[in-house]
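Presented below is the structure to which this report refers.
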Amino acid sequence: MPADRGSLKTADRPSDGQAPARRSPQAARAAAARGAIPWPLGVPALLGALFLLVPLGGLLVRAPWRGMPRLLADSQVLDALRLSLLCASAATAVSLVFGVPLAWVLARWQVRGIGLLRALVTLPLVLPPVVGGVALLLAFGRQGLLGRLLDEWTGITLPFTTAGVIVAETFVAMPFLIITVEGAFRASDRGFEEAAATLGASRLTVFRTVTLPLIGPSLLAGAVLCWARALGEFGATITFAGNFPGRTQTMPLAVYVALESDPEAAVALSLVLLVVSIAVLAGLRDRWLTAGTTR
Amino acid sequence: MTANPSGQALVMAGSVERGSFRLEADLRADPGEVLGILGPNGAGKTTLLRALSGLDPLTSGSISLGDLTLDDVATDTFVPAQRRPVGLVFQNYRLFPHLDVRDNVAYAPRVQGAGRRRARAAADTWLERLDLTALATRRPHQISGGQAQRVALARALAADPRFLLLDEPLSALDAKTRLDVRAQLRSHLDEFAGPVVIITHDPLEAMIMADRLVVIENGRVVQQGSPAEVARQPATQYVARLVGLNLYTGTLEVATAVVSLDVGGTFTVTWGDDDPGTSARTGQSTRPVLVVLRPSAITILTARPTQASPRNVWQGTVAALELLADRVRVQVDATPPALVDISAAAVADLALRPGTAVWLSAKATETEAYPDASAHHKP
């Protein structure tokens, strides 16, 4: 940061002015050749970075480090954590089972209207999650379009159950997987698939033995994105599945509730989610970087 | 090769339309024969290959292998690539990057139902045959272009195909590797019992690899014949340029053996019609012909030659000089224009440079005329 501010000041100096001999001459000359960051860009950039980083720093500074073990050992917290991991993983699995074939169809099926279908299935990306939750209630609620049939035929009701949490998280998170994987299918070299076909492989075999392995890195990235999004899901979950500890109360819901009753616990829970997010980001960056260089 | 001794001929008569492009071909590759498809970029070679391999269907006509119909528009038959007994070596080989060399070669047996162990054993046999055993565990990006070419061939052969297609098999290789690989590839292809079709734009490759050539231009077959025939009597300027010959179109007066060239000027020629009775039977006194003249058969002089033997003598100016490996190719603006090959010493002796006025001379016995098969297609 100090270096940035230094270069902001030098920007106002005439370019032929003598630079202070503080830095090594070579580094100073290199910096002069690159040019300083103009302040109309530098100042907003700095403020933007601070805006994103300061709240996270606040979380670290205000964390009740000493009370952490006690807070996290609380059974309700552990339940929420367990439920979050379980539901996010299940939602990711469901998304893989349905989302990957859907992504393939969207990428490869050339018919009129496929573009509209693509836009509609990725709508949950931009839809407010609460609206998603309401829509899910109307579809899968006890009185919903499909929910009523499901109830009559099998006696299963989804709302306010753990399965409902998985449904809500899948609804919100699956589009992340779909767009990532669809892009990869679209960009993948069809030549390898043609080669496989001339060697006698059926379309399904080609998909299994060539197409899917070749988009492996994108598939992993999509799954991780999907999992992270499911883990943080709040709006659709609380609308469709409610907030019952041990059954539908995931970590984000637990944080929200704890903020009213036990703010220290809320900070501790948030910290756990922050750590998980950083781990995901680190893992993802690594995969993405290696995927990018082997291409 | 003994695995498939009773090969059957690959026969195609039909057309493929892709957008505004139309390819029409009528060709036949016999068992054990290597058929070369020669043509410039955009001539329709790849379209032809995709139709033969079953990656694209014909628009009209049919393709068959012996009594097996692969594609027939009339009866609505189409055997897709995955069920065609085809081995296809792609231009850039298209080796699966996520599989090692052995598993690439084992791919066909594996997807055709063999267990992993049996498929790998089959692959090992092919690897040994093509001298690739040492590379079995390498990934495609860890091997050289020449090796990749052999792996691609092994992978195609491991599918036990009844006919082989090779798309520009050597074009991805550097010049030095190409020489070695060409000789190897030719010997591997000789062992294959079924028909082989090689697509190339390189005339040398076509001449060396193929038993018979089909020349395609603008989606049409313009010439078929043995490499020697095509090299000696090219049917189009494209082929003539490829094989380094001067080619002229003109009208032959049969009685005098004099050709009036379309670009102007006349040549006294040797009439190369394989059937001298044709003209007599049809009663034609003139007929359209092609005249071919080797650049090395033309002499360059700076003064008018005096001998009166049956020679063609004409005048022009040097347009350009190009140094080839062992000689200089002189481009002469004249009526007709000509490429002339002479030694570097002769260039110096005659003090040739662009703009020099010269006389060209060629013996009538070196100036060969033959019927222009395409003439009646012309408007």
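In the structure tokens, chains take letters A, B, ... by order of appearance, with residues numbered from 1 within each chain and ligands from 1 in the order shown.
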| request: Using only C-alpha atoms, find which residues of chain B lie within 9 Å of chain A and jot them down as JSON, numbers by chain. | output: {"B": [53, 54, 55, 80, 81, 82, 83, 84, 85, 86, 87, 88, 89, 90, 93, 94, 95, 96, 97, 98, 107, 108, 109, 111, 112, 155, 156, 158, 159, 161]}
Set the distance at 12 Å and use only C-alpha atoms: which residues neighbour A:Val276 once local chain neighbours fewer than 4 positions away are removed? I'd like the list as a short mmCIF file (atom, residue, chain, number, x, y, z; two decimals) with N, CA and C atoms, in the first residue's frame.
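Contents of the output file around17.cif:
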data_model
loop_
_atom_site.label_atom_id
_atom_site.label_comp_id
_atom_site.auth_asym_id
_atom_site.auth_seq_id
_atom_site.Cartn_x
_atom_site.Cartn_y
_atom_site.Cartn_z
N LEU A 81 -23.28 -27.11 11.17
CA LEU A 81 -22.12 -27.35 10.32
C LEU A 81 -22.27 -28.67 9.56
N SER A 84 -24.93 -28.35 6.96
CA SER A 84 -24.46 -27.54 5.83
C SER A 84 -23.60 -28.36 4.88
N LEU A 85 -22.63 -29.08 5.48
CA LEU A 85 -21.72 -29.86 4.64
C LEU A 85 -22.48 -30.95 3.90
N VAL A 224 -16.99 -27.31 -7.62
CA VAL A 224 -16.56 -26.57 -6.44
C VAL A 224 -17.36 -25.27 -6.30
N TRP A 227 -20.76 -26.17 -5.10
CA TRP A 227 -20.73 -26.56 -3.69
C TRP A 227 -20.63 -25.32 -2.81
N ALA A 228 -19.76 -24.38 -3.18
CA ALA A 228 -19.58 -23.17 -2.38
C ALA A 228 -20.86 -22.34 -2.37
N ARG A 229 -21.51 -22.26 -3.52
CA ARG A 229 -22.75 -21.50 -3.59
C ARG A 229 -23.83 -22.16 -2.72
N LEU A 231 -23.32 -24.04 -0.14
CA LEU A 231 -22.95 -23.90 1.28
C LEU A 231 -23.43 -22.56 1.83
N GLY A 232 -23.39 -21.52 1.03
CA GLY A 232 -23.76 -20.19 1.50
C GLY A 232 -25.23 -19.86 1.30
N MET A 251 -25.61 -23.50 8.31
CA MET A 251 -24.71 -22.50 8.91
C MET A 251 -25.17 -21.05 8.68
N LEU A 269 -19.16 -18.51 14.07
CA LEU A 269 -19.69 -19.30 12.95
C LEU A 269 -19.26 -18.69 11.60
N SER A 270 -19.33 -17.36 11.57
CA SER A 270 -18.93 -16.68 10.34
C SER A 270 -17.48 -16.98 10.00
N LEU A 271 -16.68 -17.00 11.05
CA LEU A 271 -15.26 -17.27 10.85
C LEU A 271 -15.05 -18.66 10.22
N VAL A 272 -15.85 -19.61 10.68
CA VAL A 272 -15.74 -20.97 10.13
C VAL A 272 -16.07 -20.94 8.64
N VAL A 280 -11.69 -23.10 -0.28
CA VAL A 280 -12.25 -23.37 -1.61
C VAL A 280 -11.56 -22.53 -2.67
N LEU A 281 -11.41 -21.24 -2.36
CA LEU A 281 -10.79 -20.32 -3.31
C LEU A 281 -9.37 -20.75 -3.64
N ALA A 282 -8.63 -21.10 -2.59
CA ALA A 282 -7.24 -21.52 -2.79
C ALA A 282 -7.19 -22.76 -3.67
N GLY A 283 -8.04 -23.74 -3.34
CA GLY A 283 -8.07 -24.97 -4.12
C GLY A 283 -8.44 -24.71 -5.56
#
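Using only C-alpha atoms, the shortest contact distance between B:Leu261 and any of B:Lys45, B:Thr335, B:Tyr238, B:Val221 is found at B:Thr335.
Using only C-alpha atoms, the contacts of stretch 219-221 of chain A at a cut-off of 9 Å, with sequence neighbours closer than 2 positions omitted, comprise Leu96, Val100, Leu177, Thr180, Val181, Ala184, Leu212, Ile215, Gly216, Pro217, Ala223, Val224, Leu225, Cys226, Leu284, Arg287 and Trp288 of chain A.
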Residues from the last selection, N, CA and C atoms, saved as an mmCIF file, in the first residue's frame:
data_model
loop_
_atom_site.group_PDB
_atom_site.id
_atom_site.type_symbol
_atom_site.label_atom_id
_atom_site.label_comp_id
_atom_site.auth_asym_id
_atom_site.auth_seq_id
_atom_site.Cartn_x
_atom_site.Cartn_y
_atom_site.Cartn_z
ATOM 1 N N LEU A 96 -24.574 -32.543 -10.356
ATOM 2 C CA LEU A 96 -23.718 -33.259 -11.302
ATOM 3 C C LEU A 96 -24.539 -34.247 -12.126
ATOM 4 N N VAL A 100 -24.790 -31.951 -15.615
ATOM 5 C CA VAL A 100 -23.802 -32.248 -16.658
ATOM 6 C C VAL A 100 -24.487 -32.693 -17.954
ATOM 7 N N LEU A 177 -22.850 -24.736 -11.962
ATOM 8 C CA LEU A 177 -22.221 -25.901 -12.573
ATOM 9 C C LEU A 177 -22.526 -25.931 -14.070
ATOM 10 N N THR A 180 -20.549 -23.344 -16.214
ATOM 11 C CA THR A 180 -19.125 -23.682 -16.280
ATOM 12 C C THR A 180 -18.898 -24.864 -17.221
ATOM 13 N N VAL A 181 -19.685 -25.918 -17.034
ATOM 14 C CA VAL A 181 -19.484 -27.140 -17.807
ATOM 15 C C VAL A 181 -19.942 -26.957 -19.255
ATOM 16 N N ALA A 184 -17.297 -25.362 -21.189
ATOM 17 C CA ALA A 184 -16.216 -26.305 -21.477
ATOM 18 C C ALA A 184 -16.602 -27.244 -22.618
ATOM 19 N N LEU A 212 -15.956 -36.275 -21.401
ATOM 20 C CA LEU A 212 -15.936 -35.952 -19.978
ATOM 21 C C LEU A 212 -14.509 -35.853 -19.414
ATOM 22 N N ILE A 215 -12.863 -32.508 -20.268
ATOM 23 C CA ILE A 215 -13.279 -31.281 -19.598
ATOM 24 C C ILE A 215 -13.114 -31.403 -18.085
ATOM 25 N N GLY A 216 -12.371 -32.413 -17.646
ATOM 26 C CA GLY A 216 -12.183 -32.676 -16.217
ATOM 27 C C GLY A 216 -11.938 -31.442 -15.354
ATOM 28 N N PRO A 217 -10.955 -30.600 -15.690
ATOM 29 C CA PRO A 217 -10.687 -29.430 -14.848
ATOM 30 C C PRO A 217 -11.900 -28.500 -14.724
ATOM 31 N N ALA A 223 -18.052 -27.925 -10.130
ATOM 32 C CA ALA A 223 -18.578 -28.602 -8.945
ATOM 33 C C ALA A 223 -18.214 -27.829 -7.681
ATOM 34 N N VAL A 224 -16.989 -27.310 -7.624
ATOM 35 C CA VAL A 224 -16.563 -26.565 -6.439
ATOM 36 C C VAL A 224 -17.364 -25.269 -6.303
ATOM 37 N N LEU A 225 -17.544 -24.570 -7.426
ATOM 38 C CA LEU A 225 -18.357 -23.346 -7.415
ATOM 39 C C LEU A 225 -19.763 -23.658 -6.922
ATOM 40 N N CYS A 226 -20.317 -24.723 -7.446
ATOM 41 C CA CYS A 226 -21.672 -25.151 -7.103
ATOM 42 C C CYS A 226 -21.750 -25.462 -5.605
ATOM 43 N N LEU A 284 -9.427 -23.866 -5.755
ATOM 44 C CA LEU A 284 -9.934 -23.566 -7.083
ATOM 45 C C LEU A 284 -8.884 -22.855 -7.931
ATOM 46 N N ARG A 287 -6.307 -25.254 -9.130
ATOM 47 C CA ARG A 287 -6.798 -26.092 -10.225
ATOM 48 C C ARG A 287 -6.918 -25.291 -11.500
ATOM 49 N N TRP A 288 -7.444 -24.082 -11.361
ATOM 50 C CA TRP A 288 -7.652 -23.272 -12.549
ATOM 51 C C TRP A 288 -6.328 -22.914 -13.198
#
| request: Write out as a PyMOL selection string the residues lying within 12 Å of stretch 243-248 of chain A, counting only C-alpha atoms and excluding same-chain residues fewer than 3 positions away. | output: chain A and resi 75-84+86-87+158-169+233-240+251-258
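Atom CA of B:Thr270 lies 6.0 Å from atom CA of B:Ala369.
Candidate residues B:Ala148, B:Leu252, B:Ala320, B:Val358 were compared for distance to B:Val289, and the nearest is B:Leu252, using only C-alpha atoms.
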| said: I'd like the interatomic distance between atom CA of B:Leu132 and atom CA of B:Glu191, to a tenth of an Å. | reply: 17.3 Å
| DSSP says helix (DSSP H, G or I) for which residues of stretch 222-266 of chain A? Put them as a PyMOL selection string? | chain A and resi 222-231+235-240+251-261+263-266
| Contacts of B:Ala344 at 10 Å (only C-alpha atoms; same-chain gap of 6+ positions) as a list of chain:residue names | B:Leu323, B:Leu324, B:Asp326, B:Arg327, B:Val328, B:Arg329
Since we have the selection now, will you write its residues out, keeping N, CA and C atoms, as an mmCIF file, in the first residue's frame?
data_model
loop_
_atom_site.group_PDB
_atom_site.id
_atom_site.type_symbol
_atom_site.label_atom_id
_atom_site.label_comp_id
_atom_site.auth_asym_id
_atom_site.auth_seq_id
_atom_site.Cartn_x
_atom_site.Cartn_y
_atom_site.Cartn_z
ATOM 1 N N LEU B 323 16.537 -19.368 -57.895
ATOM 2 C CA LEU B 323 17.552 -20.399 -57.698
ATOM 3 C C LEU B 323 16.909 -21.621 -57.063
ATOM 4 N N LEU B 324 16.920 -22.753 -57.768
ATOM 5 C CA LEU B 324 16.458 -24.017 -57.195
ATOM 6 C C LEU B 324 17.688 -24.760 -56.688
ATOM 7 N N ASP B 326 19.681 -27.216 -57.680
ATOM 8 C CA ASP B 326 20.860 -27.465 -58.499
ATOM 9 C C ASP B 326 20.803 -26.725 -59.823
ATOM 10 N N ARG B 327 19.833 -25.818 -59.941
ATOM 11 C CA ARG B 327 19.683 -25.126 -61.229
ATOM 12 C C ARG B 327 18.944 -23.809 -60.995
ATOM 13 N N VAL B 328 18.802 -23.036 -62.085
ATOM 14 C CA VAL B 328 18.081 -21.774 -61.994
ATOM 15 C C VAL B 328 16.828 -21.878 -62.856
ATOM 16 N N ARG B 329 15.689 -21.497 -62.254
ATOM 17 C CA ARG B 329 14.444 -21.502 -63.033
ATOM 18 C C ARG B 329 14.206 -20.083 -63.530
#
Can you pull out every residue within 10 Å of A:Arg118, counting only C-alpha atoms, but drop anything in the same chain fewer than 4 positions away, and send it as a PDB file with C-alpha atoms, in the first residue's frame?
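Saved result, part33.pdb, follows:
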ATOM      1  CA  LEU A 102     -28.187 -30.731 -19.325  1.00  0.00           C
ATOM      2  CA  ALA A 103     -25.022 -28.748 -20.024  1.00  0.00           C
ATOM      3  CA  VAL A 105     -27.532 -30.914 -24.392  1.00  0.00           C
ATOM      4  CA  LEU A 106     -27.371 -27.121 -24.196  1.00  0.00           C
ATOM      5  CA  ALA A 107     -23.909 -27.098 -25.766  1.00  0.00           C
ATOM      6  CA  GLY A 113     -35.193 -22.277 -28.928  1.00  0.00           C
ATOM      7  CA  ILE A 114     -32.156 -23.879 -27.274  1.00  0.00           C
ATOM      8  CA  THR A 122     -29.458 -20.182 -15.811  1.00  0.00           C
ATOM      9  CA  LEU A 123     -32.029 -17.662 -14.534  1.00  0.00           C
ATOM     10  CA  PRO A 175     -26.770 -23.124 -12.751  1.00  0.00           C
ATOM     11  CA  ILE A 178     -24.205 -25.777 -15.797  1.00  0.00           C
ATOM     12  CA  ILE A 179     -22.661 -22.596 -17.185  1.00  0.00           C
ATOM     13  CA  GLU A 182     -21.506 -25.970 -20.805  1.00  0.00           C
TER      14      GLU A 182
END
| request: May I ask which of the residues B:Gly146, B:Asn218, B:Ser187, B:Asp76 is the closest one to B:Asp174, counting only C-alpha atoms? | output: B:Gly146
